[in-house]
Amino acid sequence: MKFTSAFAAMALSLASSALAQNKCTEFSPCSREGYCDSDAMFCLWDLCDPATSYNATSCWQPEGCTSRTTTFDSSNDVIAIRTYGGNPQANAFLSVFEPNNAKAANGQLELDMTYDAANNKGFGATVKSSSTIKYGKVMARVKTASVATGVVTSFIIINEQTGDEFDFEWVGKNPAEVQTNYYYMKELDYTKMTSYAMADTSAAYHDYTIDWTAEKTTWLVDNVPIRVLNRADTFDAATGVYKYPTTEARVGFGIWDGGNSGAQGTQEWSGYPTPWSPTTVYKAMVDSVTIECAGGSEPSESESGSEQPTDSTSEQPTDDGNGEHSTDGGEPPIKCRPRY
């Protein structure tokens, strides 16, 4: 299930002031979801939108893949993205929203969701890998937050700009189930989701793996394959395209409030309403993450492996103030943080 998070837009608006422009300025060169600034929160590859950034070199380049295991024994294993200096070897994961509800504690990645009284919903957390991946195996040991209806936990490999994605997701109304899905080029086709019954995912850790190659992707639970997607099976005769994700991406983990999202389909999928009190905190835990790169560790020189849209005149999304986006055919307003 894809979800445009209201807290994402709120966090970005707080992080960057609202000086309307059609393009970012040289002092706040990087564009993200209609806002501009100059640090990793805005300039990190795949968060940064090249089309509305100051120039073609404003967004940082993809870092390439690094094979490693992260056990979250150090507070440096996950840091707030605002403090990231650009060295993926120093920090494996970045918390991409403010306030920061992610931390390394007791040898685990802890993703918290707290109550946002102003919006009557939860404010969760999203972390992303500081390095990128194009094919390889990602293994994560996860204990979900599926202790109440509406709470969603996710483990994804995603390119935010192209919309290519593979994922595991867990919803609060079905704690003894994991769902798998994939998306191609921002096509929101929910019919590709499959579910797998298992023990209560919030009661203990389980090993979840996405093994992504150029020809097929395999999802595994506790080292048992539960789904295989063959690229050959994704061919769309109407367009002559294999709708199989191939663009470079980042590994991510998240927790968010589906039950109080306000979107009926999302609420029915996740369960609703999400129960809240002023002191409620839902927690998703990740014990370790292992990334095994396929081939070298250099970033790909192009994204030509996926059949991407080439129309550079397509409409850009605009923020409606509630975290949702629309297209009206005009230039999107860009809010730039002024230089102090």
# chains A, B, ... in the order shown; residues from 1 in each chain; ligands from 1
$ residues_around --residues "Lys243 in chain A" --least-positions-apart "3" --cutoff "7 Å" --atoms "only C-alpha atoms" --output "list of chain:residue names"
A:Tyr184, A:Thr234, A:Phe235, A:Asp236
$ residues_around --residues "Ala80 in chain A" --least-positions-apart "3" --cutoff "12 Å" --atoms "only C-alpha atoms" --output "ChimeraX atom specification"
/A:39-41,75-77,83-85,91-104,125-130
$ write_last_selection --atoms "N, CA and C atoms" --output "PDB file, in the first residue's frame"
ATOM      1  N   ASP A  39      21.145  21.017   2.605  1.00  0.00           N
ATOM      2  CA  ASP A  39      21.772  19.913   3.316  1.00  0.00           C
ATOM      3  C   ASP A  39      21.204  18.580   2.853  1.00  0.00           C
ATOM      4  N   ALA A  40      21.606  17.511   3.550  1.00  0.00           N
ATOM      5  CA  ALA A  40      21.256  16.159   3.105  1.00  0.00           C
ATOM      6  C   ALA A  40      19.759  15.902   3.091  1.00  0.00           C
ATOM      7  N   MET A  41      19.006  16.573   3.935  1.00  0.00           N
ATOM      8  CA  MET A  41      17.561  16.370   3.982  1.00  0.00           C
ATOM      9  C   MET A  41      16.905  16.707   2.647  1.00  0.00           C
ATOM     10  N   SER A  75      25.381   4.575  18.131  1.00  0.00           N
ATOM     11  CA  SER A  75      24.414   5.624  17.808  1.00  0.00           C
ATOM     12  C   SER A  75      24.682   6.207  16.422  1.00  0.00           C
ATOM     13  N   ASN A  76      25.887   6.006  15.895  1.00  0.00           N
ATOM     14  CA  ASN A  76      26.219   6.496  14.561  1.00  0.00           C
ATOM     15  C   ASN A  76      25.610   5.645  13.447  1.00  0.00           C
ATOM     16  N   ASP A  77      25.054   4.473  13.804  1.00  0.00           N
ATOM     17  CA  ASP A  77      24.475   3.609  12.781  1.00  0.00           C
ATOM     18  C   ASP A  77      23.221   4.200  12.164  1.00  0.00           C
ATOM     19  N   THR A  83      22.123  16.031  10.213  1.00  0.00           N
ATOM     20  CA  THR A  83      23.495  16.001  10.716  1.00  0.00           C
ATOM     21  C   THR A  83      24.422  15.176   9.835  1.00  0.00           C
ATOM     22  N   TYR A  84      23.912  14.629   8.750  1.00  0.00           N
ATOM     23  CA  TYR A  84      24.699  13.743   7.893  1.00  0.00           C
ATOM     24  C   TYR A  84      25.674  14.545   7.039  1.00  0.00           C
ATOM     25  N   GLY A  85      26.947  14.131   7.086  1.00  0.00           N
ATOM     26  CA  GLY A  85      27.987  14.845   6.364  1.00  0.00           C
ATOM     27  C   GLY A  85      28.284  14.310   4.982  1.00  0.00           C
ATOM     28  N   ASN A  91      27.896   6.441   8.561  1.00  0.00           N
ATOM     29  CA  ASN A  91      26.504   6.333   9.031  1.00  0.00           C
ATOM     30  C   ASN A  91      25.728   5.480   8.051  1.00  0.00           C
ATOM     31  N   ALA A  92      25.263   4.319   8.521  1.00  0.00           N
ATOM     32  CA  ALA A  92      24.601   3.371   7.620  1.00  0.00           C
ATOM     33  C   ALA A  92      23.192   3.800   7.246  1.00  0.00           C
ATOM     34  N   PHE A  93      22.466   4.422   8.192  1.00  0.00           N
ATOM     35  CA  PHE A  93      21.066   4.789   7.955  1.00  0.00           C
ATOM     36  C   PHE A  93      20.814   6.223   8.405  1.00  0.00           C
ATOM     37  N   LEU A  94      19.845   6.846   7.741  1.00  0.00           N
ATOM     38  CA  LEU A  94      19.485   8.233   8.000  1.00  0.00           C
ATOM     39  C   LEU A  94      17.996   8.335   8.297  1.00  0.00           C
ATOM     40  N   SER A  95      17.647   9.040   9.364  1.00  0.00           N
ATOM     41  CA  SER A  95      16.245   9.324   9.676  1.00  0.00           C
ATOM     42  C   SER A  95      15.850  10.556   8.884  1.00  0.00           C
ATOM     43  N   VAL A  96      14.883  10.410   7.971  1.00  0.00           N
ATOM     44  CA  VAL A  96      14.698  11.425   6.940  1.00  0.00           C
ATOM     45  C   VAL A  96      13.648  12.483   7.257  1.00  0.00           C
ATOM     46  N   PHE A  97      12.987  12.408   8.429  1.00  0.00           N
ATOM     47  CA  PHE A  97      11.998  13.417   8.776  1.00  0.00           C
ATOM     48  C   PHE A  97      12.300  14.027  10.137  1.00  0.00           C
ATOM     49  N   GLU A  98      11.769  15.210  10.351  1.00  0.00           N
ATOM     50  CA  GLU A  98      11.830  15.898  11.640  1.00  0.00           C
ATOM     51  C   GLU A  98      10.408  16.140  12.130  1.00  0.00           C
ATOM     52  N   PRO A  99      10.141  15.957  13.431  1.00  0.00           N
ATOM     53  CA  PRO A  99      11.043  15.447  14.456  1.00  0.00           C
ATOM     54  C   PRO A  99      11.529  14.026  14.152  1.00  0.00           C
ATOM     55  N   ASN A 100      12.688  13.702  14.708  1.00  0.00           N
ATOM     56  CA  ASN A 100      13.315  12.416  14.468  1.00  0.00           C
ATOM     57  C   ASN A 100      12.812  11.400  15.486  1.00  0.00           C
ATOM     58  N   ASN A 101      12.087  10.389  15.009  1.00  0.00           N
ATOM     59  CA  ASN A 101      11.555   9.350  15.885  1.00  0.00           C
ATOM     60  C   ASN A 101      12.272   8.013  15.709  1.00  0.00           C
ATOM     61  N   ALA A 102      13.519   8.067  15.238  1.00  0.00           N
ATOM     62  CA  ALA A 102      14.305   6.843  15.040  1.00  0.00           C
ATOM     63  C   ALA A 102      15.616   6.961  15.799  1.00  0.00           C
ATOM     64  N   LYS A 103      16.068   5.827  16.351  1.00  0.00           N
ATOM     65  CA  LYS A 103      17.329   5.840  17.083  1.00  0.00           C
ATOM     66  C   LYS A 103      17.871   4.423  17.193  1.00  0.00           C
ATOM     67  N   ALA A 104      19.183   4.337  17.415  1.00  0.00           N
ATOM     68  CA  ALA A 104      19.821   3.077  17.755  1.00  0.00           C
ATOM     69  C   ALA A 104      19.868   2.983  19.273  1.00  0.00           C
ATOM     70  N   ALA A 125       8.049   7.380  11.747  1.00  0.00           N
ATOM     71  CA  ALA A 125       9.471   7.506  11.425  1.00  0.00           C
ATOM     72  C   ALA A 125       9.768   6.760  10.140  1.00  0.00           C
ATOM     73  N   THR A 126      10.737   7.275   9.391  1.00  0.00           N
ATOM     74  CA  THR A 126      11.258   6.612   8.206  1.00  0.00           C
ATOM     75  C   THR A 126      12.771   6.744   8.202  1.00  0.00           C
ATOM     76  N   VAL A 127      13.467   5.638   8.018  1.00  0.00           N
ATOM     77  CA  VAL A 127      14.915   5.687   7.844  1.00  0.00           C
ATOM     78  C   VAL A 127      15.263   5.101   6.488  1.00  0.00           C
ATOM     79  N   LYS A 128      16.357   5.606   5.909  1.00  0.00           N
ATOM     80  CA  LYS A 128      16.835   5.117   4.618  1.00  0.00           C
ATOM     81  C   LYS A 128      18.329   4.871   4.695  1.00  0.00           C
ATOM     82  N   SER A 129      18.785   3.923   3.898  1.00  0.00           N
ATOM     83  CA  SER A 129      20.211   3.632   3.846  1.00  0.00           C
ATOM     84  C   SER A 129      20.962   4.812   3.237  1.00  0.00           C
ATOM     85  N   SER A 130      22.163   5.033   3.723  1.00  0.00           N
ATOM     86  CA  SER A 130      22.984   6.122   3.191  1.00  0.00           C
ATOM     87  C   SER A 130      23.658   5.735   1.888  1.00  0.00           C
TER      88      SER A 130
END
$ select_by_dssp --residues "range 169-311 of chain A" --states "alpha helix (DSSP H)" --output "mmCIF file with C-alpha atoms, in the first residue's frame"
data_model
loop_
_atom_site.group_PDB
_atom_site.id
_atom_site.type_symbol
_atom_site.label_atom_id
_atom_site.label_comp_id
_atom_site.auth_asym_id
_atom_site.auth_seq_id
_atom_site.Cartn_x
_atom_site.Cartn_y
_atom_site.Cartn_z
ATOM 1 C CA GLN A 264 -10.848 5.045 3.312
ATOM 2 C CA GLY A 265 -8.962 2.437 1.301
ATOM 3 C CA THR A 266 -5.855 2.776 3.448
ATOM 4 C CA GLN A 267 -7.897 2.581 6.649
ATOM 5 C CA GLU A 268 -9.690 -0.565 5.553
ATOM 6 C CA TRP A 269 -6.377 -2.139 4.561
ATOM 7 C CA SER A 270 -4.582 -1.360 7.822
#
$ closest_residue --among "A:Ala249, A:Ala232, A:Leu109, A:Val78" --to "Asp164 in chain A" --atoms "only C-alpha atoms"
A:Ala249
$ atom_distance --atom1 "CA of Asp222 in chain A" --atom2 "CA of Ala199 in chain A"
11.5 Å
$ closest_atom_pairs --of "range 213-267 of chain A" --to "range 145-158 of chain A" --cutoff "10 Å" --atoms "only C-alpha atoms" --output "CSV"
residue,atom,partner,partner_atom,distance
A:Pro245,CA,A:Ile158,CA,9.2
A:Thr247,CA,A:Ile158,CA,8.7
A:Glu248,CA,A:Ile158,CA,8.2
A:Ala249,CA,A:Ile158,CA,5.0
A:Arg250,CA,A:Ile158,CA,5.5
A:Val251,CA,A:Ile157,CA,4.5
A:Gly252,CA,A:Ile156,CA,5.1
A:Phe253,CA,A:Phe155,CA,4.6
A:Gly254,CA,A:Ser154,CA,5.1
A:Ile255,CA,A:Thr153,CA,4.6
A:Trp256,CA,A:Val152,CA,5.4
A:Asp257,CA,A:Val151,CA,5.2
A:Gly258,CA,A:Gly150,CA,4.9
A:Gly259,CA,A:Gly150,CA,3.7
A:Asn260,CA,A:Gly150,CA,7.0
A:Ser261,CA,A:Gly150,CA,8.8
A:Thr266,CA,A:Gly150,CA,8.9
A:Gln267,CA,A:Gly150,CA,6.8
$ atom_distance --atom1 "CA of Val228 in chain A" --atom2 "CA of Glu63 in chain A"
28.1 Å
$ atom_distance --atom1 "CA of Met139 in chain A" --atom2 "CA of Ala284 in chain A"
16.2 Å
$ closest_residue --among "A:Ala214, A:Tyr208, A:Ser38, A:Gly271" --to "Tyr242 in chain A" --atoms "only C-alpha atoms"
A:Ala214
$ closest_residue --among "A:Thr290, A:Gln161, A:Asn230, A:Asn55" --to "Glu33 in chain A" --atoms "only C-alpha atoms"
A:Gln161
$ closest_residue --among "A:Glu165, A:Glu187, A:Glu177, A:Asp200" --to "Thr217 in chain A" --atoms "only C-alpha atoms"
A:Glu165
$ select_by_dssp --residues "range 71-189 of chain A" --states "strand (DSSP E or B)" --output "NGL selection string"
:A and (78-80 or 93-95 or 102-105 or 108-116 or 121-123 or 125-129 or 133 or 136-143 or 151-158 or 165-171 or 177-183)
$ residues_around --residues "Ala203 in chain A" --least-positions-apart "2" --cutoff "8 Å" --atoms "only C-alpha atoms" --output "list in words"
Lys143, Thr144, Asp200, Thr201 and Tyr205 of chain A
